[in-house]
Amino acid sequence: MSTGTGWRDIPIGGLIVDAGNSINYKTGGWRAFRPLRDEEQCTQCLMCWIYCPDSSILVEDSKVVAFDLEHCKGCGICAAVCPKKVEVHALTKQPGKVIQLVEEGSELCR
């Protein structure tokens, strides 16, 4: 007979009873796509930071400085809400927005 956790030992509704514990779980390994930001053309509107569901946009002094790739799942919300269009992205060399998604593991990710 198993002596593991039973259904009576789990909080009702699967509640997370320890606030702020998500920092302990590195979820970036799930990512299929990685966001890349053209730093020169970014207007620092912070829309990506506002909408990121994983708090993976790192901001210092009211400016985006990086992506927290240990927690970013590559959902693309940051790229979707980015309002700034560019003729040529500095990293991807493609037209589109300041934040663009590239396939994880591509040469641009190195």
# chains A, B, ... in the order shown; residues from 1 in each chain; ligands from 1
>>> residues_around(residues="range 53-57 of chain A", least_positions_apart="5", cutoff="9 Å", atoms="only C-alpha atoms", output="ChimeraX atom specification")
/A:46,48,64-73,75,77-78
>>> residues_around(residues="Arg37 in chain A", least_positions_apart="5", cutoff="12 Å", atoms="only C-alpha atoms", output="MDAnalysis selection string")
chainID A and resid 42:44 48 57 64:67 76 78:79 82 84:86 88:93 96:102 108:109
>>> select_by_dssp(residues="range 46-110 of chain A", states="strand (DSSP E or B)", output="ChimeraX atom specification")
/A:57-60,63-67,85-86,96-97,99-103
>>> select_by_dssp(residues="chain A", states="alpha helix (DSSP H)", output="short mmCIF file (atom, residue, chain, number, x, y, z; two decimals) with C-alpha atoms, in the first residue's frame")
data_model
loop_
_atom_site.label_atom_id
_atom_site.label_comp_id
_atom_site.auth_asym_id
_atom_site.auth_seq_id
_atom_site.Cartn_x
_atom_site.Cartn_y
_atom_site.Cartn_z
CA MET A 47 3.83 47.15 -22.47
CA CYS A 48 5.75 43.86 -22.55
CA TRP A 49 6.43 44.13 -18.81
CA ILE A 50 2.78 44.90 -18.04
CA TYR A 51 1.40 41.93 -19.99
CA ILE A 77 2.56 37.91 -25.47
CA CYS A 78 5.42 40.41 -25.19
CA ALA A 79 5.88 40.40 -28.97
CA ALA A 80 2.13 40.61 -29.58
CA VAL A 81 1.61 43.68 -27.37
#
>>> closest_residue(among="A:Pro11, A:Pro35, A:Asn24, A:Thr5", to="Gly105 in chain A", atoms="only C-alpha atoms")
A:Pro35
>>> atom_distance(atom1="CA of Ala32 in chain A", atom2="CA of Leu58 in chain A")
20.2 Å
